[in-house]
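As provided, run00.cif (mmCIF, C-alpha atoms and all ligand atoms) reads as follows.
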data_coords
loop_
_atom_site.group_PDB
_atom_site.id
_atom_site.type_symbol
_atom_site.label_atom_id
_atom_site.label_comp_id
_atom_site.auth_asym_id
_atom_site.auth_seq_id
_atom_site.Cartn_x
_atom_site.Cartn_y
_atom_site.Cartn_z
ATOM 1 C CA MET A 236 129.671 20.866 105.467
ATOM 2 C CA GLN A 237 126.475 19.025 106.431
ATOM 3 C CA ARG A 238 126.699 18.939 110.213
ATOM 4 C CA GLU A 239 123.964 16.859 111.846
ATOM 5 C CA ASN A 240 121.747 18.963 113.991
ATOM 6 C CA TRP A 241 118.916 17.964 116.307
ATOM 7 C CA LEU A 242 117.200 21.341 116.435
ATOM 8 C CA TYR A 243 113.443 21.265 115.827
ATOM 9 C CA GLY A 244 113.293 17.741 117.250
ATOM 10 C CA GLY A 245 114.619 16.023 114.138
ATOM 11 C CA LEU A 246 117.630 15.456 111.988
ATOM 12 C CA MET A 247 118.115 18.553 109.852
ATOM 13 C CA ASN A 248 121.074 19.705 107.862
ATOM 14 C CA ASN A 249 122.365 23.243 108.175
ATOM 15 C CA ILE A 250 120.711 24.429 104.955
ATOM 16 C CA ASP A 251 117.294 23.231 106.190
ATOM 17 C CA ILE A 252 117.809 25.022 109.498
ATOM 18 C CA LEU A 253 118.785 28.216 107.703
ATOM 19 C CA LYS A 254 115.751 27.852 105.448
ATOM 20 C CA ASN A 255 113.493 27.578 108.514
ATOM 21 C CA TRP A 256 115.033 30.611 110.164
ATOM 22 C CA ILE A 257 114.591 32.650 106.973
ATOM 23 C CA ASP A 258 111.003 31.450 106.445
ATOM 24 C CA GLU A 259 110.085 32.404 110.026
ATOM 25 C CA SER A 260 111.773 35.819 110.137
ATOM 26 C CA ASP A 261 110.861 39.307 108.993
ATOM 27 C CA ASN A 262 113.958 40.893 110.495
ATOM 28 C CA ILE A 263 116.961 39.444 108.664
ATOM 29 C CA VAL A 264 120.125 41.487 108.273
ATOM 30 C CA PHE A 265 122.952 40.499 105.944
ATOM 31 C CA PHE A 266 126.576 41.483 106.427
ATOM 32 C CA GLY A 267 128.954 40.524 103.632
ATOM 33 C CA GLY A 268 132.270 40.941 101.923
ATOM 34 C CA ALA A 269 134.219 40.227 98.765
ATOM 35 C CA GLY A 270 133.300 36.495 98.785
ATOM 36 C CA VAL A 271 129.708 37.462 97.884
ATOM 37 C CA SER A 272 130.929 38.620 94.477
ATOM 38 C CA THR A 273 133.490 35.922 93.576
ATOM 39 C CA GLU A 274 130.748 33.844 91.896
ATOM 40 C CA SER A 275 130.128 36.908 89.705
ATOM 41 C CA GLY A 276 133.777 36.718 88.626
ATOM 42 C CA ILE A 277 135.212 39.469 90.856
ATOM 43 C CA PRO A 278 138.302 38.256 92.713
ATOM 44 C CA ASP A 279 138.405 38.770 96.495
ATOM 45 C CA PHE A 280 141.581 39.502 98.438
ATOM 46 C CA ARG A 281 142.266 36.317 100.397
ATOM 47 C CA SER A 282 140.971 33.250 98.470
ATOM 48 C CA VAL A 283 143.423 30.938 96.678
ATOM 49 C CA ASP A 284 142.816 32.863 93.450
ATOM 50 C CA GLY A 285 142.309 36.203 95.252
ATOM 51 C CA LEU A 286 144.301 39.345 94.588
ATOM 52 C CA TYR A 287 146.713 38.527 97.441
ATOM 53 C CA LYS A 288 147.952 35.475 95.564
ATOM 54 C CA GLN A 289 148.643 37.368 92.351
ATOM 55 C CA LYS A 290 152.064 38.852 91.794
ATOM 56 C CA TYR A 291 152.415 42.625 92.206
ATOM 57 C CA LYS A 292 155.191 44.893 93.333
ATOM 58 C CA TYR A 293 153.101 45.686 96.439
ATOM 59 C CA PRO A 294 150.345 43.839 98.375
ATOM 60 C CA PRO A 295 146.804 44.969 97.355
ATOM 61 C CA GLU A 296 146.125 46.547 100.740
ATOM 62 C CA THR A 297 149.279 48.672 100.377
ATOM 63 C CA ILE A 298 148.154 49.878 96.963
ATOM 64 C CA VAL A 299 144.595 50.741 97.986
ATOM 65 C CA SER A 300 145.792 52.932 100.844
ATOM 66 C CA HIS A 301 145.639 56.692 101.346
ATOM 67 C CA THR A 302 149.437 57.041 101.420
ATOM 68 C CA PHE A 303 149.849 55.097 98.178
ATOM 69 C CA LEU A 304 147.232 57.202 96.375
ATOM 70 C CA LYS A 305 149.055 60.378 97.437
ATOM 71 C CA GLN A 306 152.599 59.143 96.753
ATOM 72 C CA LYS A 307 152.154 56.934 93.670
ATOM 73 C CA PRO A 308 148.859 57.970 92.041
ATOM 74 C CA GLY A 309 149.853 56.489 88.670
ATOM 75 C CA GLU A 310 150.384 53.006 90.092
ATOM 76 C CA PHE A 311 147.328 53.378 92.335
ATOM 77 C CA PHE A 312 145.012 54.085 89.390
ATOM 78 C CA GLU A 313 146.600 51.409 87.206
ATOM 79 C CA PHE A 314 145.766 48.749 89.831
ATOM 80 C CA TYR A 315 142.464 50.285 90.935
ATOM 81 C CA LYS A 316 141.051 50.605 87.411
ATOM 82 C CA GLU A 317 142.172 47.171 86.213
ATOM 83 C CA LYS A 318 141.554 45.092 89.351
ATOM 84 C CA MET A 319 138.674 46.837 91.106
ATOM 85 C CA VAL A 320 136.699 49.046 88.720
ATOM 86 C CA ALA A 321 136.756 46.976 85.509
ATOM 87 C CA PRO A 322 135.592 43.728 87.205
ATOM 88 C CA ALA A 323 132.874 45.630 89.102
ATOM 89 C CA ILE A 324 131.340 47.331 86.062
ATOM 90 C CA ASN A 325 131.634 44.274 83.818
ATOM 91 C CA SER A 326 130.037 41.751 86.211
ATOM 92 C CA LYS A 327 126.476 40.734 86.953
ATOM 93 C CA PRO A 328 124.859 39.891 90.297
ATOM 94 C CA ASN A 329 124.781 36.197 91.286
ATOM 95 C CA MET A 330 122.242 34.180 93.290
ATOM 96 C CA ALA A 331 123.459 35.605 96.602
ATOM 97 C CA HIS A 332 122.750 39.175 95.490
ATOM 98 C CA GLU A 333 119.442 38.125 93.864
ATOM 99 C CA LYS A 334 118.100 36.303 96.939
ATOM 100 C CA LEU A 335 118.921 39.196 99.253
ATOM 101 C CA ALA A 336 117.059 41.597 96.940
ATOM 102 C CA GLN A 337 114.114 39.183 96.840
ATOM 103 C CA TRP A 338 113.940 38.896 100.656
ATOM 104 C CA GLU A 339 113.996 42.696 100.961
ATOM 105 C CA LYS A 340 111.067 42.979 98.508
ATOM 106 C CA GLU A 341 109.181 40.319 100.482
ATOM 107 C CA GLY A 342 109.644 42.416 103.645
ATOM 108 C CA LYS A 343 111.871 39.821 105.301
ATOM 109 C CA LEU A 344 115.259 41.510 105.074
ATOM 110 C CA LYS A 345 115.904 44.924 106.640
ATOM 111 C CA ALA A 346 119.355 45.803 105.322
ATOM 112 C CA VAL A 347 122.399 44.636 103.419
ATOM 113 C CA ILE A 348 125.605 45.833 105.035
ATOM 114 C CA THR A 349 128.549 45.319 102.731
ATOM 115 C CA GLN A 350 132.294 45.834 102.654
ATOM 116 C CA ASN A 351 132.122 45.545 98.862
ATOM 117 C CA ILE A 352 132.567 48.490 96.560
ATOM 118 C CA ASP A 353 131.225 46.867 93.376
ATOM 119 C CA GLY A 354 127.566 48.008 93.457
ATOM 120 C CA LEU A 355 126.222 44.515 92.648
ATOM 121 C CA HIS A 356 123.640 44.508 95.462
ATOM 122 C CA GLN A 357 121.973 47.582 93.929
ATOM 123 C CA ALA A 358 122.286 46.017 90.467
ATOM 124 C CA ALA A 359 120.292 43.051 91.799
ATOM 125 C CA GLY A 360 117.576 45.383 93.117
ATOM 126 C CA SER A 361 118.503 45.788 96.795
ATOM 127 C CA GLU A 362 117.557 49.249 98.042
ATOM 128 C CA ASN A 363 118.716 49.510 101.622
ATOM 129 C CA VAL A 364 122.432 48.878 101.135
ATOM 130 C CA LEU A 365 124.952 50.244 103.619
ATOM 131 C CA GLU A 366 128.304 50.442 101.840
ATOM 132 C CA LEU A 367 130.829 50.540 104.669
ATOM 133 C CA HIS A 368 133.758 51.006 102.296
ATOM 134 C CA GLY A 369 132.045 53.204 99.698
ATOM 135 C CA THR A 370 131.578 52.407 96.011
ATOM 136 C CA VAL A 371 133.448 52.565 92.710
ATOM 137 C CA HIS A 372 130.364 54.260 91.269
ATOM 138 C CA LYS A 373 130.935 57.518 93.179
ATOM 139 C CA ASN A 374 133.999 59.672 92.633
ATOM 140 C CA TYR A 375 134.952 63.254 93.430
ATOM 141 C CA CYS A 376 137.679 65.815 92.841
ATOM 142 C CA ASP A 377 140.036 65.996 95.817
ATOM 143 C CA ARG A 378 140.331 69.780 95.321
ATOM 144 C CA CYS A 379 136.911 71.205 94.362
ATOM 145 C CA TYR A 380 134.748 68.153 95.329
ATOM 146 C CA LYS A 381 132.951 68.056 91.958
ATOM 147 C CA GLN A 382 131.295 64.648 91.548
ATOM 148 C CA TYR A 383 132.238 62.279 88.733
ATOM 149 C CA LYS A 384 130.875 59.043 87.293
ATOM 150 C CA VAL A 385 132.791 55.777 87.212
ATOM 151 C CA SER A 386 133.103 56.150 83.410
ATOM 152 C CA ASP A 387 135.101 59.364 83.958
ATOM 153 C CA VAL A 388 137.608 57.335 85.978
ATOM 154 C CA ILE A 389 137.872 54.194 83.866
ATOM 155 C CA ASN A 390 138.037 56.107 80.558
ATOM 156 C CA ALA A 391 140.693 58.555 81.755
ATOM 157 C CA ASP A 392 144.183 58.117 80.446
ATOM 158 C CA GLY A 393 146.244 57.366 83.561
ATOM 159 C CA ILE A 394 145.360 59.543 86.571
ATOM 160 C CA PRO A 395 141.816 60.949 86.193
ATOM 161 C CA LYS A 396 141.927 64.731 86.426
ATOM 162 C CA CYS A 397 139.231 67.297 87.217
ATOM 163 C CA GLU A 398 138.876 70.437 85.077
ATOM 164 C CA CYS A 399 140.177 72.399 88.114
ATOM 165 C CA GLY A 400 143.427 70.424 88.067
ATOM 166 C CA GLY A 401 142.626 68.245 91.093
ATOM 167 C CA THR A 402 142.669 64.450 91.053
ATOM 168 C CA ILE A 403 139.367 62.598 90.734
ATOM 169 C CA ARG A 404 139.459 60.025 93.498
ATOM 170 C CA PRO A 405 137.055 57.213 94.302
ATOM 171 C CA ASP A 406 134.540 57.706 97.094
ATOM 172 C CA VAL A 407 135.957 54.509 98.554
ATOM 173 C CA VAL A 408 137.353 54.128 102.040
ATOM 174 C CA LEU A 409 141.035 53.414 101.462
ATOM 175 C CA TYR A 410 143.229 51.778 104.077
ATOM 176 C CA GLU A 411 144.250 54.418 106.688
ATOM 177 C CA GLU A 412 140.980 56.305 106.098
ATOM 178 C CA GLY A 413 138.039 56.380 108.497
ATOM 179 C CA LEU A 414 134.605 54.900 107.884
ATOM 180 C CA ASP A 415 131.581 57.168 107.556
ATOM 181 C CA SER A 416 130.205 57.420 111.096
ATOM 182 C CA ASP A 417 126.603 57.737 109.921
ATOM 183 C CA VAL A 418 126.814 54.516 107.855
ATOM 184 C CA MET A 419 128.571 52.770 110.728
ATOM 185 C CA SER A 420 125.938 53.758 113.314
ATOM 186 C CA LYS A 421 123.119 52.647 111.005
ATOM 187 C CA ALA A 422 124.890 49.300 110.549
ATOM 188 C CA ILE A 423 125.242 48.890 114.328
ATOM 189 C CA ASN A 424 121.562 49.694 114.762
ATOM 190 C CA TYR A 425 120.408 47.104 112.206
ATOM 191 C CA ILE A 426 122.727 44.407 113.554
ATOM 192 C CA SER A 427 121.884 44.951 117.207
ATOM 193 C CA ASN A 428 118.144 44.719 116.444
ATOM 194 C CA ALA A 429 118.319 41.824 113.959
ATOM 195 C CA ASP A 430 116.532 38.565 114.537
ATOM 196 C CA VAL A 431 118.625 36.566 112.022
ATOM 197 C CA LEU A 432 122.095 37.879 111.144
ATOM 198 C CA ILE A 433 123.659 36.232 108.094
ATOM 199 C CA ILE A 434 127.335 36.939 107.573
ATOM 200 C CA GLY A 435 128.725 35.785 104.243
ATOM 201 C CA GLY A 436 131.800 35.885 102.042
ATOM 202 C CA THR A 437 134.068 37.724 104.411
ATOM 203 C CA SER A 438 137.291 36.709 106.115
ATOM 204 C CA LEU A 439 136.317 39.004 109.018
ATOM 205 C CA VAL A 440 139.821 40.334 109.384
ATOM 206 C CA VAL A 441 139.348 43.928 108.187
ATOM 207 C CA TYR A 442 138.446 46.244 111.066
ATOM 208 C CA PRO A 443 136.436 48.165 112.123
ATOM 209 C CA ALA A 444 133.887 46.469 109.801
ATOM 210 C CA ALA A 445 134.611 42.977 111.164
ATOM 211 C CA GLY A 446 133.897 44.180 114.720
ATOM 212 C CA LEU A 447 130.231 44.753 113.828
ATOM 213 C CA ILE A 448 129.461 41.084 114.531
ATOM 214 C CA ARG A 449 129.854 41.848 118.284
ATOM 215 C CA TYR A 450 126.718 44.014 118.258
ATOM 216 C CA TYR A 451 124.423 41.098 117.437
ATOM 217 C CA ARG A 452 122.304 40.065 120.442
ATOM 218 C CA GLY A 453 120.166 37.258 119.004
ATOM 219 C CA ASN A 454 120.627 33.513 118.760
ATOM 220 C CA LYS A 455 120.521 33.020 114.986
ATOM 221 C CA LEU A 456 123.940 34.107 113.812
ATOM 222 C CA VAL A 457 124.733 32.372 110.523
ATOM 223 C CA LEU A 458 128.171 32.321 108.868
ATOM 224 C CA VAL A 459 128.333 31.273 105.214
ATOM 225 C CA ASN A 460 131.954 31.364 104.142
ATOM 226 C CA LEU A 461 134.088 29.111 101.972
ATOM 227 C CA SER A 462 136.985 29.058 104.401
ATOM 228 C CA GLU A 463 137.019 29.015 108.199
ATOM 229 C CA THR A 464 137.107 32.347 109.994
ATOM 230 C CA SER A 465 138.326 33.221 113.474
ATOM 231 C CA GLN A 466 134.689 34.042 114.327
ATOM 232 C CA ASP A 467 133.207 30.604 113.489
ATOM 233 C CA GLY A 468 132.943 29.855 117.200
ATOM 234 C CA PHE A 469 130.555 32.799 117.733
ATOM 235 C CA ALA A 470 128.065 31.569 115.129
ATOM 236 C CA ASP A 471 124.970 29.471 115.779
ATOM 237 C CA LEU A 472 125.209 27.969 112.300
ATOM 238 C CA VAL A 473 128.308 27.669 110.113
ATOM 239 C CA ILE A 474 128.212 26.684 106.436
ATOM 240 C CA HIS A 475 131.519 26.359 104.583
ATOM 241 C CA GLU A 476 130.191 26.424 101.034
ATOM 242 C CA LYS A 477 129.843 28.903 98.180
ATOM 243 C CA ILE A 478 127.272 31.481 99.189
ATOM 244 C CA GLY A 479 125.619 31.746 95.760
ATOM 245 C CA GLU A 480 125.128 27.981 95.679
ATOM 246 C CA VAL A 481 123.813 27.928 99.262
ATOM 247 C CA PHE A 482 121.370 30.791 98.629
ATOM 248 C CA SER A 483 120.097 29.166 95.424
ATOM 249 C CA ARG A 484 118.910 26.256 97.590
ATOM 250 C CA LEU A 485 116.935 28.494 99.986
HETATM 251 P P1 LIG A 501 138.545 38.837 101.854
HETATM 252 O O1 LIG A 501 139.442 39.132 102.999
HETATM 253 O O2 LIG A 501 139.146 38.666 100.519
HETATM 254 O O3 LIG A 501 137.735 37.527 102.257
HETATM 255 C C1 LIG A 501 136.816 36.943 101.397
HETATM 256 C C2 LIG A 501 136.270 35.684 102.070
HETATM 257 O O4 LIG A 501 135.225 35.184 101.271
HETATM 258 C C3 LIG A 501 137.301 34.566 102.229
HETATM 259 O O5 LIG A 501 137.286 34.115 103.568
HETATM 260 C C4 LIG A 501 136.817 33.463 101.274
HETATM 261 O O6 LIG A 501 137.014 32.168 101.784
HETATM 262 C C5 LIG A 501 135.346 33.763 101.156
HETATM 263 N N1 LIG A 501 134.763 33.422 99.879
HETATM 264 C C6 LIG A 501 135.263 33.555 98.637
HETATM 265 N N2 LIG A 501 134.376 33.168 97.703
HETATM 266 C C7 LIG A 501 133.270 32.742 98.385
HETATM 267 C C8 LIG A 501 132.013 32.230 97.997
HETATM 268 N N3 LIG A 501 131.705 32.058 96.719
HETATM 269 N N4 LIG A 501 131.131 31.928 98.968
HETATM 270 C C9 LIG A 501 131.433 32.084 100.284
HETATM 271 N N5 LIG A 501 132.616 32.563 100.704
HETATM 272 C C10 LIG A 501 133.520 32.902 99.773
HETATM 273 O O7 LIG A 501 137.388 39.949 101.705
HETATM 274 P P2 LIG A 501 136.647 40.798 102.848
HETATM 275 O O8 LIG A 501 135.472 41.395 102.203
HETATM 276 O O9 LIG A 501 136.484 40.036 104.089
HETATM 277 O O10 LIG A 501 137.762 41.911 103.107
HETATM 278 C C11 LIG A 501 137.438 43.156 103.135
HETATM 279 C C12 LIG A 501 138.003 43.999 101.959
HETATM 280 C C13 LIG A 501 138.062 43.348 100.601
HETATM 281 C C14 LIG A 501 137.000 45.083 101.797
HETATM 282 O O11 LIG A 501 137.621 46.288 102.100
HETATM 283 C C15 LIG A 501 136.552 45.087 100.348
HETATM 284 O O12 LIG A 501 136.349 46.380 99.888
HETATM 285 C C16 LIG A 501 137.675 44.436 99.622
HETATM 286 N N6 LIG A 501 137.308 43.868 98.294
HETATM 287 C C17 LIG A 501 136.086 44.091 97.726
HETATM 288 C C18 LIG A 501 135.767 43.549 96.500
HETATM 289 C C19 LIG A 501 134.405 43.818 95.905
HETATM 290 O O13 LIG A 501 133.854 44.906 96.072
HETATM 291 N N7 LIG A 501 133.805 42.844 95.223
HETATM 292 C C20 LIG A 501 136.694 42.757 95.831
HETATM 293 C C21 LIG A 501 137.967 42.555 96.423
HETATM 294 C C22 LIG A 501 138.251 43.126 97.659
#

Go ahead and express the file in the form of structure tokens.
Amino acid sequence: MQRENWLYGGLMNNIDILKNWIDESDNIVFFGGAGVSTESGIPDFRSVDGLYKQKYKYPPETIVSHTFLKQKPGEFFEFYKEKMVAPAINSKPNMAHEKLAQWEKEGKLKAVITQNIDGLHQAAGSENVLELHGTVHKNYCDRCYKQYKVSDVINADGIPKCECGGTIRPDVVLYEEGLDSDVMSKAINYISNADVLIIGGTSLVVYPAAGLIRYYRGNKLVLVNLSETSQDGFADLVIHEKIGEVFSRL
């Protein structure tokens, strides 16, 4: 969408305004979700070709829940390995990940806060990444807490098992599980002190992560999302385009 805008005393499109805000700032914070990685080939949950639209016995958010892992571990790991781990470890960062890493290196961006579990921000070179929902790259035994690599999970036949007999589970926040309070308070701190807050590739429906937007106190809240969100009205700038394409023009 190229909404006309008379900021800066002239006719500027939204991408130009965003470019100005980024050029002028050294305190940008990014908050993103699954839509950041769709251009890398990783399906999100809610897009037209997202995991919600594919046919399973259960909705994705039922499968990736604490109860489901405990009650049907076989089906949990079948879905988790095929739909979440394999795409994550076989994909490469796109322009959105690359630009964020570049801005951090240039001293412009303070933190990436992500709901994603795919590790692509780190693969692009970002260092200060707050993973609200954990990562496929960390795993641990639910009995003895021994740590395991993602290869130990993906290469296991069926349910990955620890040598102690426990189940190796992902260090991912499943539905019904709480977020790490330390990560959450750091995220709140970055957002409440940000000059420019860019929110991208998230439907903003999964709480408590989606509630973080309320902590922003500035006047440069940017939403870059393919579809409309219920929070569009809170943003100072809304761009309904693909985030990788938008960032490649900045
Ligand atoms: P979601 O609810 O699936 O929403 C994704 C949003 O991104 C939608 O509103 C889309 O319109 C939008 N979108 C899709 N592609 C693009 C694009 N190229 N550019 C801009 N916008 C785009 O995902 P959320 O992250 O909001 O939901 C939170 C869940 C999804 C988190 O718990 C994640 O862990 C979980 N998830 C993560 C991954 C991953 O790690 N890559 C993949 C699938 C699901």

Picked residues, the PyMOL selection byres (((chain A and resi 320) around 10) and not hetatm), as a PyMOL selection string = chain A and resi 277+312+314-319+321-325+352-353+370-372+385-386+388-389+405

Deliver the residues from the most recent selection as a file, using C-alpha atoms, as a CSV table (one decimal), in the coordinates of the input.
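Written file, again-v7.csv:
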chain,number,residue,atom,x,y,z
A,277,ILE,CA,135.2,39.5,90.9
A,312,PHE,CA,145.0,54.1,89.4
A,314,PHE,CA,145.8,48.7,89.8
A,315,TYR,CA,142.5,50.3,90.9
A,316,LYS,CA,141.1,50.6,87.4
A,317,GLU,CA,142.2,47.2,86.2
A,318,LYS,CA,141.6,45.1,89.4
A,319,MET,CA,138.7,46.8,91.1
A,321,ALA,CA,136.8,47.0,85.5
A,322,PRO,CA,135.6,43.7,87.2
A,323,ALA,CA,132.9,45.6,89.1
A,324,ILE,CA,131.3,47.3,86.1
A,325,ASN,CA,131.6,44.3,83.8
A,352,ILE,CA,132.6,48.5,96.6
A,353,ASP,CA,131.2,46.9,93.4
A,370,THR,CA,131.6,52.4,96.0
A,371,VAL,CA,133.4,52.6,92.7
A,372,HIS,CA,130.4,54.3,91.3
A,385,VAL,CA,132.8,55.8,87.2
A,386,SER,CA,133.1,56.2,83.4
A,388,VAL,CA,137.6,57.3,86.0
A,389,ILE,CA,137.9,54.2,83.9
A,405,PRO,CA,137.1,57.2,94.3

Reference answer for the PyMOL selection byres (((not hetatm)) within 6 of (chain A and resi 501)), as JSON, numbers by chain = {"A": [268, 269, 270, 271, 272, 273, 274, 277, 278, 279, 280, 281, 282, 350, 351, 352, 353, 368, 436, 437, 438, 439, 441, 459, 460, 461, 462, 476, 477, 478]}

Generate the output file for the selected residues, C-alpha atoms, as a compact mmCIF listing (two decimals), in the coordinates of the input.
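Now in out-v4.txt:
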# COMPACT_ATOMS: atom_id res chain seq x y z
CA GLY A 268 132.27 40.94 101.92
CA ALA A 269 134.22 40.23 98.76
CA GLY A 270 133.30 36.49 98.78
CA VAL A 271 129.71 37.46 97.88
CA SER A 272 130.93 38.62 94.48
CA THR A 273 133.49 35.92 93.58
CA GLU A 274 130.75 33.84 91.90
CA ILE A 277 135.21 39.47 90.86
CA PRO A 278 138.30 38.26 92.71
CA ASP A 279 138.40 38.77 96.50
CA PHE A 280 141.58 39.50 98.44
CA ARG A 281 142.27 36.32 100.40
CA SER A 282 140.97 33.25 98.47
CA GLN A 350 132.29 45.83 102.65
CA ASN A 351 132.12 45.54 98.86
CA ILE A 352 132.57 48.49 96.56
CA ASP A 353 131.22 46.87 93.38
CA HIS A 368 133.76 51.01 102.30
CA GLY A 436 131.80 35.88 102.04
CA THR A 437 134.07 37.72 104.41
CA SER A 438 137.29 36.71 106.12
CA LEU A 439 136.32 39.00 109.02
CA VAL A 441 139.35 43.93 108.19
CA VAL A 459 128.33 31.27 105.21
CA ASN A 460 131.95 31.36 104.14
CA LEU A 461 134.09 29.11 101.97
CA SER A 462 136.99 29.06 104.40
CA GLU A 476 130.19 26.42 101.03
CA LYS A 477 129.84 28.90 98.18
CA ILE A 478 127.27 31.48 99.19

Would you kindly return, as a PyMOL selection string, each protein, DNA or RNA residue with an atom no farther than 12 Å from any atom of Gly400 in chain A, considering all atoms listed in the file and excluding same-chain residues fewer than 4 positions away?
-> chain A and resi 376-381+394-396

Return the single residue from A:Phe311, A:Phe303, A:Trp338, A:Tyr291 that is closest to Leu485 in chain A, with distances computed using all atoms listed in the file.
-> A:Trp338

Using all atoms listed in the file, find the one residue out of A:Gly446, A:Gly435, A:Gly309, A:Gly453 that sits nearest to Ala331 in chain A.
-> A:Gly435

Quick one: distance from CA of Ala346 in chain A to CA of Val418 in chain A in Å, one decimal?
->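 It comes out at 11.7 Å.
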
Which polymer residues have any atom within 12 Å of an atom of Leu335 in chain A, counting all atoms listed in the file, with same-chain residues fewer than 5 positions away left out, as an mmCIF file with C-alpha atoms, in the coordinates of the input?
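After the write, out34.cif holds the following:
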data_model
loop_
_atom_site.group_PDB
_atom_site.id
_atom_site.type_symbol
_atom_site.label_atom_id
_atom_site.label_comp_id
_atom_site.auth_asym_id
_atom_site.auth_seq_id
_atom_site.Cartn_x
_atom_site.Cartn_y
_atom_site.Cartn_z
ATOM 1 C CA ILE A 257 114.591 32.650 106.973
ATOM 2 C CA ILE A 263 116.961 39.444 108.664
ATOM 3 C CA VAL A 264 120.125 41.487 108.273
ATOM 4 C CA PHE A 265 122.952 40.499 105.944
ATOM 5 C CA PHE A 266 126.576 41.483 106.427
ATOM 6 C CA GLY A 267 128.954 40.524 103.632
ATOM 7 C CA VAL A 271 129.708 37.462 97.884
ATOM 8 C CA PRO A 328 124.859 39.891 90.297
ATOM 9 C CA ASN A 329 124.781 36.197 91.286
ATOM 10 C CA MET A 330 122.242 34.180 93.290
ATOM 11 C CA LYS A 340 111.067 42.979 98.508
ATOM 12 C CA GLU A 341 109.181 40.319 100.482
ATOM 13 C CA GLY A 342 109.644 42.416 103.645
ATOM 14 C CA LYS A 343 111.871 39.821 105.301
ATOM 15 C CA LEU A 344 115.259 41.510 105.074
ATOM 16 C CA LYS A 345 115.904 44.924 106.640
ATOM 17 C CA ALA A 346 119.355 45.803 105.322
ATOM 18 C CA VAL A 347 122.399 44.636 103.419
ATOM 19 C CA ILE A 348 125.605 45.833 105.035
ATOM 20 C CA THR A 349 128.549 45.319 102.731
ATOM 21 C CA LEU A 355 126.222 44.515 92.648
ATOM 22 C CA HIS A 356 123.640 44.508 95.462
ATOM 23 C CA GLN A 357 121.973 47.582 93.929
ATOM 24 C CA ALA A 358 122.286 46.017 90.467
ATOM 25 C CA ALA A 359 120.292 43.051 91.799
ATOM 26 C CA GLY A 360 117.576 45.383 93.117
ATOM 27 C CA SER A 361 118.503 45.788 96.795
ATOM 28 C CA GLU A 362 117.557 49.249 98.042
ATOM 29 C CA ASN A 363 118.716 49.510 101.622
ATOM 30 C CA VAL A 364 122.432 48.878 101.135
ATOM 31 C CA ILE A 433 123.659 36.232 108.094
ATOM 32 C CA GLY A 435 128.725 35.785 104.243
ATOM 33 C CA ILE A 478 127.272 31.481 99.189
ATOM 34 C CA GLY A 479 125.619 31.746 95.760
ATOM 35 C CA PHE A 482 121.370 30.791 98.629
ATOM 36 C CA SER A 483 120.097 29.166 95.424
ATOM 37 C CA LEU A 485 116.935 28.494 99.986
#

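The smallest atom-to-atom distance between Glu412 in chain A and any of A:Leu253, A:Val299, A:Ala445, A:Val431, using all atoms listed in the file, is found for A:Val299.
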
Skip Glu411 in chain A itself and residues of its chain fewer than 4 positions away, then list as number ranges by chain all residues within 10 Å of it, counting only C-alpha atoms.
-> A: 297, 299-302

Could you tell me which residues the PyMOL selection byres (((chain A and resi 448) around 10) and not hetatm) returns for this structure, as number ranges by chain?
-> A: 266, 423, 426-427, 432-434, 439, 444-447, 449-452, 456, 466, 469-470

In Å, rounded to a single decimal, give me how far CA of Gln289 in chain A is from CA of Arg404 in chain A.
-> 24.5 Å

Quick one: pull the distance between CA of Lys292 in chain A and CA of Gly413 in chain A, Å, one decimal.
->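 CA of Gly413 in chain A lies 25.6 Å from CA of Lys292 in chain A.
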
Nearest candidate to Glu339 in chain A (options A:Glu366, A:Lys373, A:Asn390, A:Asn262; using only C-alpha atoms) |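 Using only C-alpha atoms, Glu339 in chain A sits closest to A:Asn262.
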
For Met419 in chain A: contacts at 9 Å, all atoms listed in the file, fewer than 2 positions along chain excluded, given as a ChimeraX atom specification = /A:365,367,414-417,421-424,444,447

Grab all the atoms of range 403-413 of chain A that the file lists, wrap them in a box along x, y and z, add 3 Å per side, and give me centre plus edge lengths in Å (one decimal) as AutoDock Vina command-line options.
--center_x 139.4 --center_y 57.2 --center_z 99.6 --size_x 15.7 --size_y 16.8 --size_z 23.8

Pick out the closest residue to Leu409 in chain A from this set: A:Asp392, A:Glu296, A:Glu463, A:Asp261. Count only C-alpha atoms.
->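 Answer, going by the shortest atom-to-atom distance: A:Glu296.
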
Spatial neighbours of Arg484 in chain A, 9 Å, all atoms listed in the file, chain gap at least 4 places, as a PyMOL selection string = chain A and resi 250+254+479-480

Write range 299-304 of chain A as an mmCIF file, in the coordinates of the input, completed to N, CA and C atoms.
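File produced: selection-v8.cif:
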data_model
loop_
_atom_site.group_PDB
_atom_site.id
_atom_site.type_symbol
_atom_site.label_atom_id
_atom_site.label_comp_id
_atom_site.auth_asym_id
_atom_site.auth_seq_id
_atom_site.Cartn_x
_atom_site.Cartn_y
_atom_site.Cartn_z
ATOM 1 N N VAL A 299 145.852 50.003 97.774
ATOM 2 C CA VAL A 299 144.595 50.741 97.986
ATOM 3 C C VAL A 299 144.605 51.438 99.354
ATOM 4 N N SER A 300 145.689 52.162 99.596
ATOM 5 C CA SER A 300 145.792 52.932 100.844
ATOM 6 C C SER A 300 145.907 54.419 100.511
ATOM 7 N N HIS A 301 145.603 55.232 101.500
ATOM 8 C CA HIS A 301 145.639 56.692 101.346
ATOM 9 C C HIS A 301 147.054 57.154 100.970
ATOM 10 N N THR A 302 148.050 56.635 101.673
ATOM 11 C CA THR A 302 149.437 57.041 101.420
ATOM 12 C C THR A 302 149.840 56.730 99.991
ATOM 13 N N PHE A 303 149.461 55.520 99.522
ATOM 14 C CA PHE A 303 149.849 55.097 98.178
ATOM 15 C C PHE A 303 149.198 55.989 97.121
ATOM 16 N N LEU A 304 147.924 56.324 97.329
ATOM 17 C CA LEU A 304 147.232 57.202 96.375
ATOM 18 C C LEU A 304 147.957 58.546 96.283
#
